[in-house]
file run.pdb (PDB, C-alpha atoms)
ATOM      1  CA  MET A  18     -58.857 -47.461  -8.946
ATOM      2  CA  ALA A  19     -56.039 -49.371  -7.202
ATOM      3  CA  ASN A  20     -57.026 -51.878  -4.548
ATOM      4  CA  PRO A  21     -56.331 -50.269  -1.135
ATOM      5  CA  PHE A  22     -55.649 -53.673   0.445
ATOM      6  CA  HIS A  23     -52.246 -55.340   0.438
ATOM      7  CA  LEU A  24     -53.656 -58.826   1.003
ATOM      8  CA  VAL A  25     -57.125 -60.018  -0.001
ATOM      9  CA  VAL A  26     -58.715 -63.358   0.896
ATOM     10  CA  ASP A  27     -62.039 -63.640  -0.911
ATOM     11  CA  ASN A  28     -64.607 -66.400  -0.173
ATOM     12  CA  VAL A  29     -61.870 -68.984   0.373
ATOM     13  CA  ASP A  30     -62.629 -72.632   1.156
ATOM     14  CA  LYS A  31     -60.261 -75.557   1.714
ATOM     15  CA  ARG A  32     -61.480 -79.138   1.447
ATOM     16  CA  PHE A  33     -59.505 -82.364   1.761
ATOM     17  CA  ASN A  34     -60.407 -85.796   0.433
ATOM     18  CA  THR A  35     -60.023 -88.441   3.150
ATOM     19  CA  LYS A  36     -60.906 -92.122   3.540
ATOM     20  CA  GLN A  37     -63.971 -91.004   5.470
ATOM     21  CA  GLY A  38     -65.000 -88.644   2.667
ATOM     22  CA  GLU A  39     -64.620 -84.931   2.105
ATOM     23  CA  PHE A  40     -63.314 -82.895   5.039
ATOM     24  CA  ILE A  41     -64.004 -79.157   5.031
ATOM     25  CA  ALA A  42     -61.177 -77.445   6.913
ATOM     26  CA  ILE A  43     -62.165 -73.795   6.372
ATOM     27  CA  ARG A  44     -65.053 -72.119   4.559
ATOM     28  CA  ASP A  45     -66.130 -68.652   3.447
ATOM     29  CA  ILE A  46     -62.958 -66.912   4.620
ATOM     30  CA  ASN A  47     -62.990 -63.203   3.791
ATOM     31  CA  LEU A  48     -60.135 -61.019   4.973
ATOM     32  CA  ARG A  49     -58.750 -57.626   3.946
ATOM     33  CA  VAL A  50     -55.294 -56.558   5.161
ATOM     34  CA  GLN A  51     -53.909 -53.069   4.607
ATOM     35  CA  ARG A  52     -50.233 -52.325   4.016
ATOM     36  CA  GLY A  53     -48.337 -52.225   7.310
ATOM     37  CA  GLU A  54     -51.045 -53.946   9.360
ATOM     38  CA  PHE A  55     -50.198 -56.678  11.871
ATOM     39  CA  ILE A  56     -52.901 -59.366  11.843
ATOM     40  CA  SER A  57     -53.093 -62.311  14.241
ATOM     41  CA  LEU A  58     -55.107 -65.469  13.583
ATOM     42  CA  ILE A  59     -56.244 -67.132  16.799
ATOM     43  CA  GLY A  60     -58.549 -70.018  17.676
ATOM     44  CA  HIS A  61     -58.663 -73.495  19.138
ATOM     45  CA  SER A  62     -56.618 -76.353  17.670
ATOM     46  CA  GLY A  63     -58.117 -77.578  14.414
ATOM     47  CA  CYS A  64     -59.725 -74.241  13.509
ATOM     48  CA  GLY A  65     -57.712 -73.888  10.307
ATOM     49  CA  LYS A  66     -55.281 -71.126  11.328
ATOM     50  CA  SER A  67     -52.246 -72.819   9.771
ATOM     51  CA  THR A  68     -54.327 -74.015   6.813
ATOM     52  CA  LEU A  69     -55.207 -70.414   6.017
ATOM     53  CA  LEU A  70     -51.600 -69.278   6.464
ATOM     54  CA  ASN A  71     -50.399 -72.045   4.121
ATOM     55  CA  LEU A  72     -52.889 -70.869   1.486
ATOM     56  CA  ILE A  73     -51.591 -67.299   1.787
ATOM     57  CA  ALA A  74     -48.024 -68.617   1.575
ATOM     58  CA  GLY A  75     -48.921 -70.556  -1.575
ATOM     59  CA  LEU A  76     -47.849 -73.839   0.034
ATOM     60  CA  ASP A  77     -51.335 -75.232  -0.609
ATOM     61  CA  THR A  78     -54.139 -74.412  -3.045
ATOM     62  CA  ALA A  79     -57.608 -73.195  -2.120
ATOM     63  CA  SER A  80     -60.570 -75.376  -3.097
ATOM     64  CA  GLY A  81     -62.598 -72.273  -3.781
ATOM     65  CA  GLY A  82     -62.226 -68.504  -3.717
ATOM     66  CA  VAL A  83     -59.304 -66.224  -4.521
ATOM     67  CA  LEU A  84     -56.242 -64.949  -2.633
ATOM     68  CA  VAL A  85     -54.382 -61.829  -3.824
ATOM     69  CA  CYS A  86     -51.083 -60.403  -2.525
ATOM     70  CA  ALA A  87     -49.763 -57.016  -3.639
ATOM     71  CA  GLY A  88     -52.145 -57.012  -6.601
ATOM     72  CA  ARG A  89     -51.271 -60.500  -7.872
ATOM     73  CA  GLU A  90     -53.281 -63.671  -7.442
ATOM     74  CA  ILE A  91     -51.507 -66.226  -5.261
ATOM     75  CA  SER A  92     -50.829 -69.399  -7.242
ATOM     76  CA  GLY A  93     -47.826 -70.799  -5.357
ATOM     77  CA  PRO A  94     -44.901 -69.758  -3.132
ATOM     78  CA  GLY A  95     -43.179 -66.523  -4.081
ATOM     79  CA  PRO A  96     -40.685 -63.928  -2.806
ATOM     80  CA  ASP A  97     -43.538 -61.502  -2.151
ATOM     81  CA  ARG A  98     -44.325 -63.635   0.928
ATOM     82  CA  GLY A  99     -41.725 -64.511   3.563
ATOM     83  CA  VAL A 100     -42.596 -67.384   5.910
ATOM     84  CA  VAL A 101     -41.323 -68.197   9.414
ATOM     85  CA  PHE A 102     -42.429 -71.482  10.997
ATOM     86  CA  GLN A 103     -42.322 -72.653  14.621
ATOM     87  CA  ASN A 104     -39.555 -74.985  13.493
ATOM     88  CA  HIS A 105     -36.850 -72.626  12.206
ATOM     89  CA  SER A 106     -36.026 -75.001   9.286
ATOM     90  CA  LEU A 107     -32.372 -73.954   9.088
ATOM     91  CA  LEU A 108     -29.935 -76.109   7.132
ATOM     92  CA  PRO A 109     -27.592 -77.458   9.846
ATOM     93  CA  TRP A 110     -24.507 -77.672   7.610
ATOM     94  CA  LEU A 111     -24.693 -73.966   6.734
ATOM     95  CA  THR A 112     -23.766 -71.000   8.923
ATOM     96  CA  CYS A 113     -26.352 -68.424   9.936
ATOM     97  CA  PHE A 114     -24.973 -66.157   7.207
ATOM     98  CA  ASP A 115     -25.216 -68.865   4.554
ATOM     99  CA  ASN A 116     -28.771 -69.824   5.578
ATOM    100  CA  VAL A 117     -29.878 -66.248   4.932
ATOM    101  CA  TYR A 118     -27.642 -65.806   1.880
ATOM    102  CA  LEU A 119     -29.323 -68.796   0.226
ATOM    103  CA  ALA A 120     -32.656 -66.947   0.190
ATOM    104  CA  VAL A 121     -31.083 -63.640  -0.861
ATOM    105  CA  GLU A 122     -29.235 -65.263  -3.776
ATOM    106  CA  ARG A 123     -32.346 -67.028  -5.002
ATOM    107  CA  VAL A 124     -34.388 -63.810  -5.128
ATOM    108  CA  PHE A 125     -31.764 -61.223  -6.120
ATOM    109  CA  GLY A 126     -28.978 -63.339  -7.642
ATOM    110  CA  ALA A 127     -30.001 -62.704 -11.242
ATOM    111  CA  THR A 128     -29.831 -58.919 -10.912
ATOM    112  CA  GLU A 129     -27.193 -58.226  -8.250
ATOM    113  CA  LYS A 130     -23.511 -59.065  -7.758
ATOM    114  CA  LYS A 131     -22.072 -60.921  -4.780
ATOM    115  CA  PRO A 132     -21.046 -57.808  -2.779
ATOM    116  CA  GLN A 133     -24.653 -56.587  -2.912
ATOM    117  CA  LEU A 134     -25.974 -60.011  -1.915
ATOM    118  CA  ASN A 135     -23.506 -60.120   0.985
ATOM    119  CA  ALA A 136     -24.609 -56.659   2.096
ATOM    120  CA  ARG A 137     -28.287 -57.674   2.040
ATOM    121  CA  THR A 138     -27.504 -60.763   4.108
ATOM    122  CA  GLU A 139     -25.472 -58.845   6.682
ATOM    123  CA  ALA A 140     -28.170 -56.155   6.940
ATOM    124  CA  ALA A 141     -30.857 -58.766   7.636
ATOM    125  CA  LEU A 142     -28.787 -60.403  10.369
ATOM    126  CA  LYS A 143     -27.964 -57.013  11.869
ATOM    127  CA  MET A 144     -31.685 -56.201  11.940
ATOM    128  CA  VAL A 145     -32.312 -59.173  14.259
ATOM    129  CA  GLY A 146     -29.192 -58.540  16.357
ATOM    130  CA  LEU A 147     -27.119 -61.481  15.121
ATOM    131  CA  THR A 148     -24.074 -59.812  13.554
ATOM    132  CA  HIS A 149     -21.873 -61.478  16.186
ATOM    133  CA  ALA A 150     -23.213 -64.964  15.360
ATOM    134  CA  MET A 151     -23.416 -64.827  11.582
ATOM    135  CA  HIS A 152     -20.609 -67.356  11.078
ATOM    136  CA  LYS A 153     -21.893 -69.856  13.632
ATOM    137  CA  HIS A 154     -23.798 -73.005  12.720
ATOM    138  CA  PRO A 155     -27.334 -73.679  14.023
ATOM    139  CA  ASN A 156     -26.079 -76.226  16.575
ATOM    140  CA  GLU A 157     -23.903 -73.496  18.117
ATOM    141  CA  ILE A 158     -26.720 -71.074  18.917
ATOM    142  CA  SER A 159     -29.836 -71.044  21.114
ATOM    143  CA  GLY A 160     -33.402 -71.735  20.041
ATOM    144  CA  GLY A 161     -34.260 -68.056  20.217
ATOM    145  CA  MET A 162     -31.296 -67.169  18.025
ATOM    146  CA  LYS A 163     -32.340 -69.796  15.486
ATOM    147  CA  GLN A 164     -35.755 -68.167  15.260
ATOM    148  CA  ARG A 165     -34.052 -64.819  14.722
ATOM    149  CA  VAL A 166     -32.162 -66.324  11.791
ATOM    150  CA  GLY A 167     -35.479 -67.551  10.395
ATOM    151  CA  ILE A 168     -36.948 -64.054  10.712
ATOM    152  CA  ALA A 169     -33.822 -62.540   9.116
ATOM    153  CA  ARG A 170     -34.087 -64.995   6.221
ATOM    154  CA  ALA A 171     -37.746 -64.120   5.655
ATOM    155  CA  LEU A 172     -37.123 -60.360   5.814
ATOM    156  CA  SER A 173     -33.982 -60.498   3.654
ATOM    157  CA  ILE A 174     -36.049 -61.045   0.494
ATOM    158  CA  GLU A 175     -38.081 -57.882   1.221
ATOM    159  CA  PRO A 176     -41.478 -59.618   1.118
ATOM    160  CA  ALA A 177     -44.737 -57.754   0.652
ATOM    161  CA  VAL A 178     -46.179 -59.833   3.516
ATOM    162  CA  LEU A 179     -44.412 -61.577   6.399
ATOM    163  CA  LEU A 180     -46.165 -64.805   7.465
ATOM    164  CA  LEU A 181     -45.482 -66.229  10.934
ATOM    165  CA  ASP A 182     -46.782 -69.641  12.047
ATOM    166  CA  GLU A 183     -46.496 -69.682  15.854
ATOM    167  CA  PRO A 184     -42.861 -68.552  15.556
ATOM    168  CA  PHE A 185     -42.269 -68.396  19.321
ATOM    169  CA  GLY A 186     -44.385 -71.369  20.390
ATOM    170  CA  ALA A 187     -41.472 -73.667  21.252
ATOM    171  CA  LEU A 188     -39.511 -71.083  23.252
ATOM    172  CA  ASP A 189     -39.366 -70.466  26.993
ATOM    173  CA  ALA A 190     -41.352 -67.521  28.367
ATOM    174  CA  LEU A 191     -38.450 -65.086  28.764
ATOM    175  CA  THR A 192     -37.018 -65.772  25.300
ATOM    176  CA  ARG A 193     -40.512 -65.515  23.825
ATOM    177  CA  ALA A 194     -41.089 -62.123  25.461
ATOM    178  CA  HIS A 195     -37.715 -60.840  24.253
ATOM    179  CA  LEU A 196     -38.402 -61.917  20.670
ATOM    180  CA  GLN A 197     -41.892 -60.409  20.760
ATOM    181  CA  ASP A 198     -40.278 -57.087  21.681
ATOM    182  CA  GLU A 199     -37.706 -57.553  18.900
ATOM    183  CA  LEU A 200     -40.463 -58.332  16.401
ATOM    184  CA  MET A 201     -42.344 -55.165  17.374
ATOM    185  CA  ARG A 202     -39.190 -53.132  16.789
ATOM    186  CA  ILE A 203     -38.426 -54.794  13.436
ATOM    187  CA  VAL A 204     -41.982 -54.396  12.147
ATOM    188  CA  ALA A 205     -41.961 -50.722  13.169
ATOM    189  CA  ASP A 206     -38.642 -50.188  11.358
ATOM    190  CA  THR A 207     -39.574 -52.094   8.177
ATOM    191  CA  LYS A 208     -43.286 -51.156   8.157
ATOM    192  CA  SER A 209     -43.936 -54.786   7.251
ATOM    193  CA  THR A 210     -47.384 -56.252   6.670
ATOM    194  CA  VAL A 211     -47.644 -59.279   8.968
ATOM    195  CA  VAL A 212     -50.037 -62.208   9.350
ATOM    196  CA  MET A 213     -49.253 -64.374  12.388
ATOM    197  CA  VAL A 214     -50.805 -67.587  13.678
ATOM    198  CA  THR A 215     -50.800 -67.778  17.470
ATOM    199  CA  HIS A 216     -52.591 -69.572  20.288
ATOM    200  CA  ASP A 217     -51.413 -67.014  22.867
ATOM    201  CA  VAL A 218     -53.992 -64.349  23.755
ATOM    202  CA  ASP A 219     -51.486 -61.956  25.344
ATOM    203  CA  GLU A 220     -49.169 -62.239  22.335
ATOM    204  CA  ALA A 221     -52.036 -61.459  19.979
ATOM    205  CA  VAL A 222     -53.122 -58.356  21.905
ATOM    206  CA  LEU A 223     -49.551 -57.100  22.396
ATOM    207  CA  LEU A 224     -48.535 -57.356  18.745
ATOM    208  CA  SER A 225     -51.660 -56.948  16.637
ATOM    209  CA  ASP A 226     -53.604 -54.194  14.945
ATOM    210  CA  LYS A 227     -56.404 -56.699  14.352
ATOM    211  CA  ILE A 228     -57.107 -60.117  15.861
ATOM    212  CA  VAL A 229     -58.959 -62.531  13.571
ATOM    213  CA  MET A 230     -60.811 -65.029  15.761
ATOM    214  CA  MET A 231     -61.656 -68.350  14.109
ATOM    215  CA  THR A 232     -64.637 -70.562  14.901
ATOM    216  CA  ASN A 233     -64.055 -74.198  15.779
ATOM    217  CA  GLY A 234     -63.389 -76.711  13.026
ATOM    218  CA  PRO A 235     -64.311 -78.528  10.934
ATOM    219  CA  ALA A 236     -65.701 -76.002   8.420
ATOM    220  CA  ALA A 237     -64.126 -73.220  10.466
ATOM    221  CA  THR A 238     -64.580 -69.604   9.444
ATOM    222  CA  ILE A 239     -63.903 -66.142  10.826
ATOM    223  CA  GLY A 240     -66.103 -65.571  13.865
ATOM    224  CA  GLU A 241     -65.072 -62.045  14.851
ATOM    225  CA  ILE A 242     -62.370 -59.515  13.998
ATOM    226  CA  LEU A 243     -61.204 -57.377  16.920
ATOM    227  CA  GLU A 244     -59.451 -54.096  16.164
ATOM    228  CA  VAL A 245     -56.769 -53.364  18.777
ATOM    229  CA  LYS A 246     -56.455 -49.587  19.149
ATOM    230  CA  LEU A 247     -53.519 -49.484  21.565
ATOM    231  CA  ALA A 248     -50.954 -46.773  20.853
ATOM    232  CA  LYS A 249     -47.591 -47.747  19.389
ATOM    233  CA  PRO A 250     -44.844 -48.377  20.281
ATOM    234  CA  ARG A 251     -46.223 -50.720  22.928
ATOM    235  CA  ASP A 252     -44.533 -51.433  26.238
ATOM    236  CA  ARG A 253     -45.501 -54.704  27.886
ATOM    237  CA  LEU A 254     -44.886 -53.381  31.420
ATOM    238  CA  ALA A 255     -47.062 -50.311  30.860
ATOM    239  CA  LEU A 256     -49.786 -52.440  29.266
ATOM    240  CA  ALA A 257     -49.972 -54.595  32.400
ATOM    241  CA  GLU A 258     -51.774 -51.662  34.049
ATOM    242  CA  ASP A 259     -53.689 -50.540  30.954
ATOM    243  CA  THR A 260     -57.485 -50.965  31.162
ATOM    244  CA  ASP A 261     -57.850 -50.964  27.366
ATOM    245  CA  TYR A 262     -55.349 -53.830  27.094
ATOM    246  CA  HIS A 263     -57.371 -55.870  29.571
ATOM    247  CA  HIS A 264     -60.574 -55.024  27.696
ATOM    248  CA  TYR A 265     -59.133 -56.442  24.449
ATOM    249  CA  ARG A 266     -57.723 -59.473  26.248
ATOM    250  CA  LYS A 267     -61.102 -60.183  27.863
ATOM    251  CA  ALA A 268     -62.862 -59.926  24.494
ATOM    252  CA  VAL A 269     -60.581 -62.583  22.972
ATOM    253  CA  VAL A 270     -60.842 -64.870  25.997
ATOM    254  CA  GLU A 271     -64.641 -64.595  25.986
ATOM    255  CA  PHE A 272     -64.765 -65.516  22.309
ATOM    256  CA  LEU A 273     -62.465 -68.517  22.737
ATOM    257  CA  TYR A 274     -63.807 -69.906  26.001
ATOM    258  CA  SER A 275     -67.472 -68.885  25.986
ATOM    259  CA  LYS A 276     -68.592 -68.453  22.390
ATOM    260  CA  GLN A 277     -66.246 -71.119  21.008
ATOM    261  CA  ARG A 278     -65.755 -73.442  23.951
ATOM    262  CA  LYS A 279     -64.123 -76.594  22.626
ATOM    263  CA  ALA A 280     -65.599 -79.916  23.636
ATOM    264  CA  ALA A 281     -63.240 -82.106  25.643
TER
END
call {"tool": "encode", "arguments": {"input": "run.pdb", "output": "structure tokens"}}
result
Amino acid sequence: MANPFHLVVDNVDKRFNTKQGEFIAIRDINLRVQRGEFISLIGHSGCGKSTLLNLIAGLDTASGGVLVCAGREISGPGPDRGVVFQNHSLLPWLTCFDNVYLAVERVFGATEKKPQLNARTEAALKMVGLTHAMHKHPNEISGGMKQRVGIARALSIEPAVLLLDEPFGALDALTRAHLQDELMRIVADTKSTVVMVTHDVDEAVLLSDKIVMMTNGPAATIGEILEVKLAKPRDRLALAEDTDYHHYRKAVVEFLYSKQRKAA
């Protein structure tokens, strides 16, 4: 029988060797993500959110346990996982188009001709509303637009899972809200499976189907998983008056600031 889960994290640990001895970053992580689910990882600094995301991305190797994406064990980076970091990581000497095209060519270049690669690149930029800026360089566009290019680049390779590491953390509040709305629209259109690291409670509740709450590090693990049963599409203004929204928000805040209060 086929595995019903799109992403599986099974008994995963990550340990680092330091001058002070072995440091256990995360332990006994078990997570099951269905196709099309939006999962947020939240917790205090040092709880291993980004460590776990890096393991899923294949940018680091687990010390124990197994990670599986789309039926294949994760053993390194791959086009089945698209990653967007807080730092957009665009190449400054390339245009927005060329930054996305680079990823498209690497994944599809062996099987498709240039017109098809161009079309994929243009479609990805159109998806994030950047058709008008595709020939501009990163220093000619805003921070929010740079993050859109990063999202376009990740989506252009048609990944099985989209991984987001605090993608809006460095943006001002209005730009952040606008991109959250854009992300909701894109995910609805593409039916993408998403795992996002965030420290923002409201962002987690607004965007997520499930919120994975991490215990404090070291040796952090999953403390609770909150299922967010708010109807989609979600409207931030309507949710401001929604009692269920406030219930979910309170549950996350209580976990973070009562059950997992971080020592000063």
call {"tool": "residues_around", "arguments": {"input": "run.pdb", "residues": "His149 in chain A", "least_positions_apart": "3", "cutoff": "12 Å", "atoms": "only C-alpha atoms", "output": "PyMOL selection string"}}
result
chain A and resi 113-114+139+142-146+152-153+158+162
call {"tool": "write_last_selection", "arguments": {"input": "run.pdb", "atoms": "C-alpha atoms", "output": "CSV table (one decimal), keeping the file's coordinate frame"}}
result
chain,number,residue,atom,x,y,z
A,113,CYS,CA,-26.4,-68.4,9.9
A,114,PHE,CA,-25.0,-66.2,7.2
A,139,GLU,CA,-25.5,-58.8,6.7
A,142,LEU,CA,-28.8,-60.4,10.4
A,143,LYS,CA,-28.0,-57.0,11.9
A,144,MET,CA,-31.7,-56.2,11.9
A,145,VAL,CA,-32.3,-59.2,14.3
A,146,GLY,CA,-29.2,-58.5,16.4
A,152,HIS,CA,-20.6,-67.4,11.1
A,153,LYS,CA,-21.9,-69.9,13.6
A,158,ILE,CA,-26.7,-71.1,18.9
A,162,MET,CA,-31.3,-67.2,18.0
call {"tool": "residues_around", "arguments": {"input": "run.pdb", "residues": "Ala187 in chain A", "least_positions_apart": "6", "cutoff": "9 Å", "atoms": "all atoms listed in the file", "output": "PyMOL selection string"}}
result
chain A and resi 103-104+160+193
call {"tool": "resolve_selection", "arguments": {"input": "run.pdb", "expression": "the PyMOL selection byres ((chain A and resi 175) around 9)", "output": "list of chain:residue names"}}
result
A:Pro96, A:Asp97, A:Arg98, A:Gly99, A:Ala171, A:Leu172, A:Ser173, A:Ile174, A:Pro176, A:Ala177, A:Val178, A:Leu179, A:Ser209
call {"tool": "resolve_selection", "arguments": {"input": "run.pdb", "expression": "the PyMOL selection byres ((chain A and resi 41) around 7)", "output": "NGL selection string"}}
result
:A and (31-33 or 39-40 or 42-43 or 235-236)
call {"tool": "resolve_selection", "arguments": {"input": "run.pdb", "expression": "the PyMOL selection byres ((chain A and resi 267-278) around 12)", "output": "ChimeraX atom specification"}}
result
/A:57-62,64,216-222,227-234,237-245,260-266,279-281
call {"tool": "atom_distance", "arguments": {"input": "run.pdb", "atom1": "CA of Ser106 in chain A", "atom2": "CA of Pro184 in chain A"}}
result
11.3 Å
call {"tool": "atom_distance", "arguments": {"input": "run.pdb", "atom1": "CA of Glu157 in chain A", "atom2": "CA of Val117 in chain A"}}
result
16.2 Å
call {"tool": "atom_distance", "arguments": {"input": "run.pdb", "atom1": "CA of Glu90 in chain A", "atom2": "CA of Ile56 in chain A"}}
result
19.8 Å
call {"tool": "axis_aligned_box", "arguments": {"input": "run.pdb", "around": "range 213-226 of chain A", "padding_each_side": "4 Å", "output": "lines of an AutoDock Vina configuration file"}}
result
center_x = -51.3
center_y = -61.9
center_z = 18.9
size_x = 13.5
size_y = 23.4
size_z = 21.0
call {"tool": "closest_residue", "arguments": {"input": "run.pdb", "among": "A:Gly161, A:Val166, A:Met151, A:Val211", "to": "Thr192 in chain A", "atoms": "all atoms listed in the file"}}
result
A:Gly161
call {"tool": "closest_residue", "arguments": {"input": "run.pdb", "among": "A:Gln164, A:Thr215, A:Gln37, A:Thr210", "to": "Leu107 in chain A", "atoms": "only C-alpha atoms"}}
result
A:Gln164
call {"tool": "closest_atom_pairs", "arguments": {"input": "run.pdb", "of": "range 133-216 of chain A", "to": "range 70-89 of chain A", "cutoff": "9 Å", "atoms": "only C-alpha atoms", "output": "tab-separated table"}}
result
residue	atom	partner	partner_atom	distance
A:Ala177	CA	A:Ala87	CA	6.6
A:Val178	CA	A:Cys86	CA	7.8
A:Leu180	CA	A:Leu70	CA	7.1
A:Leu181	CA	A:Leu70	CA	8.2
A:Asp182	CA	A:Leu70	CA	7.4
A:Val212	CA	A:Leu70	CA	7.8
A:Met213	CA	A:Leu70	CA	8.0
A:Val214	CA	A:Leu70	CA	7.5
call {"tool": "closest_residue", "arguments": {"input": "run.pdb", "among": "A:Ala140, A:Leu247, A:Ile46, A:Val25", "to": "Ile91 in chain A", "atoms": "only C-alpha atoms"}}
result
A:Val25
call {"tool": "residues_around", "arguments": {"input": "run.pdb", "residues": "Leu48 in chain A", "least_positions_apart": "5", "cutoff": "8 Å", "atoms": "all atoms listed in the file", "output": "ChimeraX atom specification"}}
result
/A:24-27
call {"tool": "closest_residue", "arguments": {"input": "run.pdb", "among": "A:Leu147, A:Leu119, A:Val101, A:Ala194", "to": "Leu223 in chain A", "atoms": "only C-alpha atoms"}}
result
A:Ala194
call {"tool": "closest_residue", "arguments": {"input": "run.pdb", "among": "A:Thr68, A:Pro250, A:Thr148, A:Pro155", "to": "Trp110 in chain A", "atoms": "all atoms listed in the file"}}
result
A:Pro155
call {"tool": "residues_near_point", "arguments": {"input": "run.pdb", "point": "(-53.7, -51.1, 6.1)", "cutoff": "10 Å", "atoms": "only C-alpha atoms", "output": "PyMOL selection string"}}
result
chain A and resi 21-24+49-55+210+226
